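Pasted below: input-v2.txt, compact mmCIF, N, CA and C atoms.
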```txt
# COMPACT_ATOMS: atom_id res chain seq x y z
N MET A 1 60.19 60.55 118.26
CA MET A 1 61.25 61.39 118.77
C MET A 1 62.53 61.24 117.94
N LYS A 2 62.78 59.97 117.55
CA LYS A 2 63.98 59.72 116.78
C LYS A 2 63.88 60.35 115.39
N ASN A 3 62.68 60.33 114.79
CA ASN A 3 62.49 60.96 113.48
C ASN A 3 62.64 62.47 113.57
N ARG A 4 62.17 63.03 114.65
CA ARG A 4 62.28 64.48 114.84
C ARG A 4 63.75 64.90 114.95
N LEU A 5 64.56 64.12 115.66
CA LEU A 5 65.99 64.41 115.79
C LEU A 5 66.69 64.30 114.44
N LYS A 6 66.34 63.28 113.64
CA LYS A 6 66.89 63.15 112.29
C LYS A 6 66.49 64.34 111.43
N TYR A 7 65.23 64.73 111.52
CA TYR A 7 64.73 65.85 110.73
C TYR A 7 65.49 67.14 111.07
N TRP A 8 65.66 67.46 112.33
CA TRP A 8 66.35 68.68 112.74
C TRP A 8 67.84 68.62 112.38
N SER A 9 68.46 67.49 112.57
CA SER A 9 69.88 67.39 112.20
C SER A 9 70.07 67.49 110.70
N LEU A 10 69.13 66.93 109.91
CA LEU A 10 69.20 67.06 108.46
C LEU A 10 68.97 68.51 108.04
N LEU A 11 68.05 69.19 108.70
CA LEU A 11 67.78 70.60 108.41
C LEU A 11 68.98 71.47 108.74
N VAL A 12 69.63 71.26 109.87
CA VAL A 12 70.82 72.02 110.26
C VAL A 12 71.96 71.75 109.29
N ALA A 13 72.15 70.49 108.91
CA ALA A 13 73.21 70.15 107.97
C ALA A 13 72.97 70.79 106.61
N ALA A 14 71.71 70.83 106.17
CA ALA A 14 71.39 71.46 104.88
C ALA A 14 71.63 72.96 104.95
N CYS A 15 71.26 73.60 106.06
CA CYS A 15 71.50 75.05 106.21
C CYS A 15 72.99 75.36 106.19
N VAL A 16 73.78 74.57 106.89
CA VAL A 16 75.23 74.79 106.90
C VAL A 16 75.80 74.56 105.52
N PHE A 17 75.36 73.53 104.85
CA PHE A 17 75.89 73.19 103.53
C PHE A 17 75.56 74.28 102.51
N PHE A 18 74.33 74.74 102.47
CA PHE A 18 73.93 75.71 101.46
C PHE A 18 74.44 77.13 101.75
N THR A 19 74.64 77.48 103.00
CA THR A 19 75.16 78.82 103.30
C THR A 19 76.68 78.86 103.22
N ALA A 20 77.35 77.74 103.26
CA ALA A 20 78.82 77.72 103.20
C ALA A 20 79.35 77.80 101.78
N CYS A 21 78.51 77.74 100.78
CA CYS A 21 78.96 77.72 99.39
C CYS A 21 78.90 79.10 98.74
N SER A 22 79.09 80.13 99.48
CA SER A 22 79.03 81.49 98.96
C SER A 22 80.40 81.95 98.48
N ASP A 23 80.43 82.83 97.46
CA ASP A 23 81.68 83.37 96.93
C ASP A 23 82.04 84.72 97.55
N GLU A 24 81.24 85.21 98.46
CA GLU A 24 81.44 86.55 99.01
C GLU A 24 82.78 86.71 99.72
N PHE A 25 83.26 85.70 100.37
CA PHE A 25 84.48 85.82 101.15
C PHE A 25 85.74 85.77 100.29
N LEU A 26 85.61 85.45 99.01
CA LEU A 26 86.79 85.36 98.15
C LEU A 26 87.31 86.73 97.72
N GLU A 27 86.44 87.68 97.49
CA GLU A 27 86.82 89.02 97.06
C GLU A 27 86.63 89.98 98.22
N VAL A 28 87.69 90.24 98.96
CA VAL A 28 87.62 91.10 100.14
C VAL A 28 88.45 92.36 99.86
N GLU A 29 87.86 93.51 100.14
CA GLU A 29 88.59 94.77 100.01
C GLU A 29 89.63 94.86 101.13
N PRO A 30 90.84 95.27 100.83
CA PRO A 30 91.85 95.39 101.89
C PRO A 30 91.48 96.50 102.86
N LYS A 31 91.69 96.23 104.13
CA LYS A 31 91.38 97.22 105.16
C LYS A 31 92.67 97.65 105.83
N GLY A 32 92.82 98.92 106.06
CA GLY A 32 93.99 99.43 106.76
C GLY A 32 95.14 99.80 105.86
N ARG A 33 95.08 99.44 104.60
CA ARG A 33 96.12 99.85 103.67
C ARG A 33 95.49 99.98 102.29
N SER A 34 96.02 100.86 101.51
CA SER A 34 95.47 101.09 100.19
C SER A 34 96.41 100.49 99.14
N LEU A 35 95.83 99.92 98.13
CA LEU A 35 96.61 99.39 97.03
C LEU A 35 96.64 100.41 95.90
N GLU A 36 97.62 100.30 95.03
CA GLU A 36 97.73 101.25 93.93
C GLU A 36 96.55 101.16 92.98
N ASP A 37 95.96 99.98 92.86
CA ASP A 37 94.83 99.81 91.95
C ASP A 37 93.58 100.55 92.42
N ASN A 38 93.38 100.64 93.72
CA ASN A 38 92.17 101.29 94.22
C ASN A 38 92.47 102.62 94.90
N TYR A 39 93.56 103.26 94.51
CA TYR A 39 93.92 104.55 95.08
C TYR A 39 93.82 105.62 94.00
N TYR A 40 93.98 106.87 94.36
CA TYR A 40 93.88 108.02 93.46
C TYR A 40 92.48 108.14 92.87
N LYS A 41 91.47 107.90 93.68
CA LYS A 41 90.09 107.98 93.21
C LYS A 41 89.45 109.35 93.47
N ASN A 42 90.01 110.14 94.41
CA ASN A 42 89.42 111.44 94.70
C ASN A 42 90.53 112.47 94.91
N ALA A 43 90.15 113.70 95.17
CA ALA A 43 91.12 114.79 95.29
C ALA A 43 92.04 114.62 96.49
N GLU A 44 91.53 114.10 97.58
CA GLU A 44 92.36 113.92 98.78
C GLU A 44 93.46 112.89 98.54
N GLU A 45 93.13 111.81 97.87
CA GLU A 45 94.13 110.79 97.57
C GLU A 45 95.16 111.30 96.56
N ALA A 46 94.73 112.13 95.62
CA ALA A 46 95.67 112.73 94.67
C ALA A 46 96.62 113.69 95.40
N TYR A 47 96.10 114.44 96.35
CA TYR A 47 96.94 115.34 97.13
C TYR A 47 97.94 114.55 97.97
N ASN A 48 97.51 113.43 98.55
CA ASN A 48 98.43 112.58 99.31
C ASN A 48 99.53 112.03 98.42
N GLY A 49 99.19 111.69 97.18
CA GLY A 49 100.20 111.23 96.24
C GLY A 49 101.19 112.34 95.89
N LEU A 50 100.71 113.56 95.80
CA LEU A 50 101.60 114.70 95.53
C LEU A 50 102.54 114.95 96.69
N VAL A 51 102.04 114.87 97.91
CA VAL A 51 102.90 115.03 99.09
C VAL A 51 103.94 113.91 99.14
N ALA A 52 103.53 112.70 98.80
CA ALA A 52 104.48 111.57 98.78
C ALA A 52 105.53 111.75 97.70
N ALA A 53 105.19 112.43 96.61
CA ALA A 53 106.17 112.66 95.55
C ALA A 53 107.24 113.66 95.99
N TYR A 54 106.87 114.64 96.79
CA TYR A 54 107.84 115.62 97.28
C TYR A 54 108.59 115.15 98.52
N ASP A 55 108.15 114.08 99.14
CA ASP A 55 108.76 113.59 100.37
C ASP A 55 110.24 113.22 100.22
N PRO A 56 110.69 112.60 99.13
CA PRO A 56 112.11 112.24 99.03
C PRO A 56 113.08 113.42 99.00
N ILE A 57 112.59 114.63 98.82
CA ILE A 57 113.48 115.79 98.83
C ILE A 57 114.17 115.92 100.19
N GLY A 58 113.49 115.60 101.25
CA GLY A 58 114.05 115.74 102.58
C GLY A 58 114.76 114.51 103.10
N TRP A 59 114.80 113.44 102.33
CA TRP A 59 115.46 112.23 102.81
C TRP A 59 116.95 112.43 102.92
N SER A 60 117.55 111.75 103.84
CA SER A 60 119.00 111.84 104.00
C SER A 60 119.64 110.50 103.65
N SER A 61 120.92 110.58 103.35
CA SER A 61 121.67 109.36 103.04
C SER A 61 122.39 108.91 104.29
N GLY A 62 123.37 108.04 104.14
CA GLY A 62 124.16 107.62 105.29
C GLY A 62 124.86 108.80 105.93
N ASP A 63 125.03 108.78 107.21
CA ASP A 63 125.66 109.86 107.98
C ASP A 63 124.89 111.18 107.85
N TYR A 64 123.60 111.10 107.66
CA TYR A 64 122.72 112.28 107.65
C TYR A 64 123.06 113.27 106.54
N ILE A 65 123.47 112.79 105.39
CA ILE A 65 123.80 113.66 104.27
C ILE A 65 122.54 113.87 103.43
N THR A 66 122.17 115.12 103.23
CA THR A 66 121.05 115.46 102.35
C THR A 66 121.60 116.15 101.12
N LYS A 67 120.74 116.36 100.13
CA LYS A 67 121.19 117.04 98.91
C LYS A 67 121.60 118.47 99.21
N LEU A 68 120.85 119.14 100.03
CA LEU A 68 121.17 120.53 100.38
C LEU A 68 122.50 120.61 101.13
N PHE A 69 122.69 119.70 102.06
CA PHE A 69 123.93 119.68 102.82
C PHE A 69 125.13 119.39 101.92
N SER A 70 124.98 118.43 101.00
CA SER A 70 126.11 118.07 100.14
C SER A 70 126.46 119.20 99.17
N THR A 71 125.48 119.91 98.65
CA THR A 71 125.81 121.02 97.75
C THR A 71 126.42 122.19 98.51
N ASN A 72 125.97 122.42 99.74
CA ASN A 72 126.59 123.47 100.54
C ASN A 72 127.99 123.10 100.98
N ALA A 73 128.22 121.83 101.28
CA ALA A 73 129.55 121.40 101.68
C ALA A 73 130.53 121.49 100.52
N GLY A 74 130.04 121.34 99.30
CA GLY A 74 130.89 121.47 98.13
C GLY A 74 131.12 122.90 97.70
N SER A 75 130.48 123.84 98.35
CA SER A 75 130.68 125.25 98.01
C SER A 75 131.45 125.92 99.14
N ASP A 76 131.50 127.24 99.12
CA ASP A 76 132.19 127.94 100.20
C ASP A 76 131.21 128.46 101.25
N ASP A 77 130.01 127.90 101.29
CA ASP A 77 129.02 128.32 102.27
C ASP A 77 129.41 127.91 103.69
N PHE A 78 129.92 126.72 103.84
CA PHE A 78 130.38 126.28 105.16
C PHE A 78 131.35 125.13 104.99
N TYR A 79 132.05 124.83 106.06
CA TYR A 79 133.00 123.72 106.05
C TYR A 79 132.32 122.51 106.67
N ALA A 80 132.50 121.37 106.04
CA ALA A 80 131.86 120.15 106.51
C ALA A 80 132.60 119.57 107.70
N GLY A 81 131.92 118.69 108.40
CA GLY A 81 132.55 118.00 109.51
C GLY A 81 132.27 118.69 110.82
N GLY A 82 132.97 118.26 111.81
CA GLY A 82 132.75 118.83 113.13
C GLY A 82 134.05 118.97 113.86
N GLY A 83 134.46 117.92 114.58
CA GLY A 83 135.64 117.98 115.41
C GLY A 83 136.95 117.93 114.66
N ASN A 84 137.01 117.11 113.60
CA ASN A 84 138.26 116.98 112.84
C ASN A 84 137.95 116.50 111.43
N ALA A 85 138.99 116.18 110.67
CA ALA A 85 138.82 115.80 109.27
C ALA A 85 138.22 114.41 109.10
N GLN A 86 138.20 113.61 110.16
CA GLN A 86 137.60 112.29 110.07
C GLN A 86 136.13 112.29 110.50
N ASP A 87 135.61 113.40 110.91
CA ASP A 87 134.22 113.49 111.34
C ASP A 87 133.31 113.59 110.12
N ILE A 88 132.37 112.72 110.02
CA ILE A 88 131.42 112.62 108.90
C ILE A 88 132.19 112.61 107.58
N THR A 89 132.84 111.52 107.30
CA THR A 89 133.69 111.42 106.11
C THR A 89 132.90 111.60 104.82
N ASN A 90 131.62 111.23 104.80
CA ASN A 90 130.83 111.46 103.58
C ASN A 90 130.65 112.95 103.30
N ALA A 91 130.65 113.77 104.32
CA ALA A 91 130.59 115.21 104.11
C ALA A 91 131.96 115.78 103.78
N GLN A 92 133.00 115.18 104.32
CA GLN A 92 134.36 115.67 104.05
C GLN A 92 134.74 115.53 102.58
N VAL A 93 134.28 114.47 101.92
CA VAL A 93 134.65 114.31 100.51
C VAL A 93 134.00 115.38 99.64
N PHE A 94 132.84 115.87 100.03
CA PHE A 94 132.24 117.00 99.32
C PHE A 94 133.02 118.28 99.60
N SER A 95 133.41 118.50 100.83
CA SER A 95 134.08 119.73 101.22
C SER A 95 135.50 119.81 100.67
N ASN A 96 136.18 118.67 100.62
CA ASN A 96 137.57 118.65 100.14
C ASN A 96 137.69 118.41 98.65
N TYR A 97 136.58 118.26 97.96
CA TYR A 97 136.54 117.99 96.52
C TYR A 97 137.29 116.70 96.17
N THR A 98 137.14 115.68 96.99
CA THR A 98 137.76 114.38 96.74
C THR A 98 136.69 113.32 96.49
N LEU A 99 135.58 113.73 95.98
CA LEU A 99 134.46 112.83 95.75
C LEU A 99 134.72 111.99 94.51
N ASP A 100 134.56 110.69 94.63
CA ASP A 100 134.61 109.80 93.48
C ASP A 100 133.56 108.71 93.66
N ALA A 101 133.52 107.77 92.73
CA ALA A 101 132.47 106.75 92.76
C ALA A 101 132.59 105.84 93.98
N ALA A 102 133.77 105.65 94.50
CA ALA A 102 133.97 104.74 95.63
C ALA A 102 133.68 105.40 96.98
N THR A 103 133.75 106.71 97.05
CA THR A 103 133.52 107.40 98.32
C THR A 103 132.30 108.30 98.19
N GLY A 104 131.68 108.55 99.29
CA GLY A 104 130.57 109.50 99.31
C GLY A 104 129.22 108.84 99.10
N PRO A 105 128.19 109.56 99.46
CA PRO A 105 126.83 109.02 99.41
C PRO A 105 126.07 109.38 98.15
N GLN A 106 126.75 109.80 97.08
CA GLN A 106 126.03 110.32 95.93
C GLN A 106 125.12 109.27 95.28
N GLY A 107 125.49 108.00 95.31
CA GLY A 107 124.65 106.96 94.71
C GLY A 107 123.31 106.83 95.41
N SER A 108 123.32 106.82 96.73
CA SER A 108 122.06 106.69 97.45
C SER A 108 121.23 107.97 97.35
N LEU A 109 121.89 109.12 97.27
CA LEU A 109 121.14 110.37 97.10
C LEU A 109 120.41 110.38 95.75
N TRP A 110 121.07 109.91 94.71
CA TRP A 110 120.43 109.87 93.39
C TRP A 110 119.29 108.86 93.38
N SER A 111 119.50 107.68 93.94
CA SER A 111 118.45 106.66 93.91
C SER A 111 117.23 107.11 94.72
N LYS A 112 117.46 107.80 95.82
CA LYS A 112 116.34 108.31 96.60
C LYS A 112 115.61 109.42 95.86
N GLY A 113 116.35 110.21 95.11
CA GLY A 113 115.72 111.25 94.29
C GLY A 113 114.86 110.66 93.19
N PHE A 114 115.33 109.58 92.60
CA PHE A 114 114.55 108.95 91.53
C PHE A 114 113.31 108.24 92.06
N SER A 115 113.27 107.91 93.33
CA SER A 115 112.03 107.36 93.88
C SER A 115 110.94 108.43 93.88
N GLY A 116 111.30 109.68 94.07
CA GLY A 116 110.33 110.77 93.97
C GLY A 116 109.84 110.94 92.55
N ILE A 117 110.73 110.79 91.57
CA ILE A 117 110.32 110.88 90.16
C ILE A 117 109.37 109.74 89.82
N PHE A 118 109.64 108.55 90.33
CA PHE A 118 108.74 107.42 90.12
C PHE A 118 107.35 107.71 90.69
N ARG A 119 107.30 108.33 91.86
CA ARG A 119 106.02 108.65 92.47
C ARG A 119 105.25 109.69 91.66
N VAL A 120 105.97 110.67 91.10
CA VAL A 120 105.31 111.68 90.27
C VAL A 120 104.77 111.04 89.00
N ASN A 121 105.54 110.16 88.38
CA ASN A 121 105.07 109.48 87.18
C ASN A 121 103.84 108.63 87.47
N THR A 122 103.82 107.96 88.61
CA THR A 122 102.64 107.18 88.99
C THR A 122 101.44 108.09 89.18
N LEU A 123 101.64 109.24 89.81
CA LEU A 123 100.55 110.20 90.00
C LEU A 123 100.02 110.69 88.66
N PHE A 124 100.92 110.99 87.73
CA PHE A 124 100.48 111.44 86.40
C PHE A 124 99.69 110.36 85.67
N LEU A 125 100.17 109.14 85.72
CA LEU A 125 99.47 108.03 85.04
C LEU A 125 98.09 107.79 85.64
N LYS A 126 98.00 107.81 86.95
CA LYS A 126 96.73 107.55 87.60
C LYS A 126 95.74 108.70 87.38
N SER A 127 96.23 109.93 87.37
CA SER A 127 95.31 111.06 87.16
C SER A 127 94.90 111.14 85.69
N ALA A 128 95.74 110.67 84.77
CA ALA A 128 95.37 110.68 83.36
C ALA A 128 94.32 109.61 83.04
N ASN A 129 94.32 108.54 83.83
CA ASN A 129 93.36 107.45 83.60
C ASN A 129 92.03 107.69 84.28
N ARG A 130 91.87 108.81 84.98
CA ARG A 130 90.61 109.10 85.68
C ARG A 130 89.53 109.49 84.75
```
Rendering of file as structure tokens:
Amino acid sequence: MKNRLKYWSLLVAACVFFTACSDEFLEVEPKGRSLEDNYYKNAEEAYNGLVAAYDPIGWSSGDYITKLFSTNAGSDDFYAGGGNAQDITNAQVFSNYTLDAATGPQGSLWSKGFSGIFRVNTLFLKSANR
């Protein structure tokens, strides 16, 4: 009986030892999110990249300033603000033509626009490597 217990425990230990030495668990595909290396493999993923490239067009800056709003506020299409001259000061500087580097949201609008250009360049590079 004692030899049988040793034999079974040795067999179980050997099975655990030999099955635990596999490399399969080291290389795992990410689930739930896509990486840039394994994306843009088919037409649907390329289309999603194109939609993501156009997405920054609608982004707004601080105080809800968009590119369309800022260009209209700088023209005679409409007057910026709401209740008074202190309402939405980032829009007032476009409307009053007092925009300079220290005031206004133009820096964040440009940086957000360039994120769309970065996405388009990534899409071009990935589609060229297909």
Neighbouring residues of Tyr97 of chain A were defined as those with any atom within 12 Å, considering only C-alpha atoms; residues of the same chain fewer than 6 positions away were excluded. Please report them as a count of residues only. 13
Distance of atom C of Pro56 of chain A from atom C of Tyr39 of chain A, expressed in Å to one decimal place: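 Interatomic distance here is 21.4 Å.
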Between atom N of Leu35 of chain A and atom CA of Ser60 of chain A, what distance in Å does the model show, to one decimal?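 Atom CA of Ser60 of chain A lies 26.7 Å from atom N of Leu35 of chain A.
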Have a look at atom CA of Tyr54 of chain A and atom N of Ile117 of chain A and let me know their distance in Å, one decimal.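 Here the two named atoms are 8.0 Å from each other.
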Nearby residues (only C-alpha atoms) at most 8 Å from Tyr40 of chain A, same-chain spacing under 6 positions excluded, as a PyMOL selection string: chain A and resi 46+49+123+126-127
Skip Lys67 of chain A itself and residues of its chain fewer than 4 positions away, then list as a VMD selection string all residues within 7 Å of it, counting all atoms listed in the file. chain A and resid 57 to 61 71 to 72 109
In segment 31-112 of chain A, what's helix (DSSP H, G or I) per DSSP? Answer as number ranges by chain? A: 43-58, 62-64, 67-73, 89-95, 106-112
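For the set A:Val12, A:Leu99, A:Ala52, A:Ala128, the residue with the smallest atom-to-atom gap to Gly116 of chain A is A:Ala52, counting all atoms listed in the file.
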Is it possible to get the axis-aligned box enclosing segment 72-86 of chain A (all listed atoms, 5 Å extra per side) as AutoDock Vina command-line options, with centre and edge lengths in Å rounded to one decimal?
```
--center_x 132.5 --center_y 120.4 --center_z 106.6 --size_x 23.0 --size_y 26.2 --size_z 27.7
```
